[in-house]
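This report refers to the structure that appears directly beneath it.
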Amino acid sequence: MPNFSGMWSLKEQGVAVKGDRWQLPPARGLFMGGYASDLINTVQYFDLNTTGDAADFGDLTGVRYSNAGFASSTRGCSAGGTSDGGGTPTANIDYFTFITLGNASDFGDLPGVRWVFCGTSNNTTGLTFSG
């Protein structure tokens with residue numbers, strides 16, 4: 001059976017679930033960007049199923065803080081925020097794929113620049129509000 005990719009028939013899925021062999025992606029939480037004497041672009045992750053310290057996941061496409069986050073079960077996004085020390089907001093949206101560690105990729109832009117706002121999502125749609 002493929003590992004986190006490929007196509008499965010309904011029969012293959014049923015057999016895997018009944019046999020407790022259905023492989024789920026890791027449950028990860030991310031911390032993105034921030035301010036520590038200067039703006040940072042680092043992303044750290046932690047495993048939601050265990051206790052322990054955060055580890056390096058990758059980097060955002062640029063330095064950022066006060067950005068909004070939202071995610072599905074497979075992809076996480078960081079949107080907007082401040083991209084310089086002067087408080088200039090950005091419209092950039094970055095995304096990550098949870099299954100692999102690595103740097104963010106550009107997803108697109110918000111319809112306008114935003115910072116100090118929030119994000120929420122379900123498995124298909126991400127929303128940002130306020131700002």
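Chain labels run A, B, ... following the order of the structure tokens; each chain numbers its residues from 1, and ligands are numbered from 1 in the order shown.
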
_Excluding Thr42 (chain A) and its own-chain neighbours fewer than 5 positions away, which residues fall within 7 Å of it when counting only C-alpha atoms? Please give them as an MDAnalysis selection string._
chainID A and resid 32:33 58:60

At a cut-off of 12 Å, can you tabulate as CSV every residue of region 84-108 of chain A near region 118-130 of chain A together with its closest atom pair and the distance in Å to one decimal, using only C-alpha atoms and ordering rows by chain then number?
```
residue,atom,partner,partner_atom,distance
A:Ala91,CA,A:Thr128,CA,11.5
A:Ile93,CA,A:Thr128,CA,11.0
A:Tyr95,CA,A:Gly126,CA,11.6
```

Keeping only N, CA and C atoms, write those residues as a compact mmCIF listing (two decimals), in the first residue's frame.
```
# COMPACT_ATOMS: atom_id res chain seq x y z
N ALA A 91 0.88 41.29 2.52
CA ALA A 91 -0.26 40.52 2.04
C ALA A 91 0.12 39.08 1.71
N ILE A 93 0.96 35.13 1.59
CA ILE A 93 0.49 33.88 2.20
C ILE A 93 1.52 32.80 1.88
N TYR A 95 2.69 28.56 2.59
CA TYR A 95 2.11 27.29 2.98
C TYR A 95 3.18 26.24 3.21
```

*asked:* Can you tell me which residues surround Ala54 (chain A) at a distance of at most 8 Å, considering only C-alpha atoms, apart from same-chain residues fewer than 2 positions away, and format the answer as a list of chain:residue names?
replied: A:Gln44, A:Tyr45, A:Phe46, A:Asp47, A:Gly52, A:Asp56

Could those residues be written to a file, using N, CA and C atoms, as a PDB file, in the first residue's frame?
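Result written to result.pdb:
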```
ATOM      1  N   GLN A  44       8.999  26.382  13.782  1.00  0.00           N
ATOM      2  CA  GLN A  44       9.269  25.234  14.635  1.00  0.00           C
ATOM      3  C   GLN A  44       7.999  24.404  14.731  1.00  0.00           C
ATOM      4  N   TYR A  45       8.193  23.091  14.965  1.00  0.00           N
ATOM      5  CA  TYR A  45       7.035  22.207  15.088  1.00  0.00           C
ATOM      6  C   TYR A  45       7.156  21.367  16.345  1.00  0.00           C
ATOM      7  N   PHE A  46       6.021  20.851  16.770  1.00  0.00           N
ATOM      8  CA  PHE A  46       5.988  19.891  17.871  1.00  0.00           C
ATOM      9  C   PHE A  46       4.972  18.826  17.525  1.00  0.00           C
ATOM     10  N   ASP A  47       5.184  17.646  18.052  1.00  0.00           N
ATOM     11  CA  ASP A  47       4.294  16.503  17.822  1.00  0.00           C
ATOM     12  C   ASP A  47       3.156  16.587  18.834  1.00  0.00           C
ATOM     13  N   GLY A  52       7.378  17.026  24.696  1.00  0.00           N
ATOM     14  CA  GLY A  52       8.760  17.272  24.307  1.00  0.00           C
ATOM     15  C   GLY A  52       8.929  18.664  23.740  1.00  0.00           C
ATOM     16  N   ASP A  56      13.168  22.332  14.690  1.00  0.00           N
ATOM     17  CA  ASP A  56      13.154  23.142  13.477  1.00  0.00           C
ATOM     18  C   ASP A  56      12.345  22.462  12.379  1.00  0.00           C
TER      19      ASP A  56
END
```

When DSSP works through the backbone of this structure, what residues of chain A end up as alpha helix (DSSP H), shown as a PDB file with N, CA and C atoms, in the first residue's frame?
```pdb
ATOM      1  N   LEU A  10     -11.656   1.451  -2.585  1.00  0.00           N
ATOM      2  CA  LEU A  10     -12.427   1.366  -1.344  1.00  0.00           C
ATOM      3  C   LEU A  10     -12.139   0.069  -0.609  1.00  0.00           C
ATOM      4  N   LYS A  11     -11.946  -1.010  -1.352  1.00  0.00           N
ATOM      5  CA  LYS A  11     -11.636  -2.294  -0.726  1.00  0.00           C
ATOM      6  C   LYS A  11     -10.296  -2.219   0.006  1.00  0.00           C
ATOM      7  N   GLU A  12      -9.273  -1.638  -0.623  1.00  0.00           N
ATOM      8  CA  GLU A  12      -7.964  -1.506   0.024  1.00  0.00           C
ATOM      9  C   GLU A  12      -8.060  -0.654   1.283  1.00  0.00           C
ATOM     10  N   GLN A  13      -8.837   0.419   1.225  1.00  0.00           N
ATOM     11  CA  GLN A  13      -9.010   1.267   2.398  1.00  0.00           C
ATOM     12  C   GLN A  13      -9.690   0.510   3.535  1.00  0.00           C
ATOM     13  N   GLY A  14     -10.747  -0.222   3.213  1.00  0.00           N
ATOM     14  CA  GLY A  14     -11.468  -0.990   4.223  1.00  0.00           C
ATOM     15  C   GLY A  14     -10.593  -2.034   4.885  1.00  0.00           C
ATOM     16  N   VAL A  15      -9.811  -2.745   4.091  1.00  0.00           N
ATOM     17  CA  VAL A  15      -8.897  -3.765   4.635  1.00  0.00           C
ATOM     18  C   VAL A  15      -7.860  -3.113   5.541  1.00  0.00           C
ATOM     19  N   ALA A  16      -7.304  -1.975   5.129  1.00  0.00           N
ATOM     20  CA  ALA A  16      -6.285  -1.291   5.936  1.00  0.00           C
ATOM     21  C   ALA A  16      -6.864  -0.788   7.255  1.00  0.00           C
ATOM     22  N   VAL A  17      -8.059  -0.221   7.227  1.00  0.00           N
ATOM     23  CA  VAL A  17      -8.677   0.289   8.445  1.00  0.00           C
ATOM     24  C   VAL A  17      -9.017  -0.857   9.392  1.00  0.00           C
ATOM     25  N   LYS A  18      -9.610  -1.916   8.891  1.00  0.00           N
ATOM     26  CA  LYS A  18      -9.966  -3.055   9.744  1.00  0.00           C
ATOM     27  C   LYS A  18      -8.731  -3.727  10.312  1.00  0.00           C
TER      28      LYS A  18
END
```

_Residue nearest Gly69 (chain A) among A:Leu110, A:Ala27, A:Thr88, A:Phe117 (counting only C-alpha atoms)_ = A:Phe117

*Write out as an NGL selection string each polymer residue whose atoms come within 9 Å of Leu101 (chain A), counting only C-alpha atoms; drop sequence neighbours fewer than 2 positions from it.*
:A and (56-58 or 96-99 or 103)

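CA of Ala79 (chain A) lies 8.3 Å from CA of Arg114 (chain A).
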
*Could you give me, as number ranges by chain, each residue of chain A that DSSP assigns to strand (DSSP E or B) when run on this structure's backbone?*
A: 28-35, 39-47, 55-59, 65, 68-71, 75-79, 82, 89-97, 105-114, 117-121, 126-130
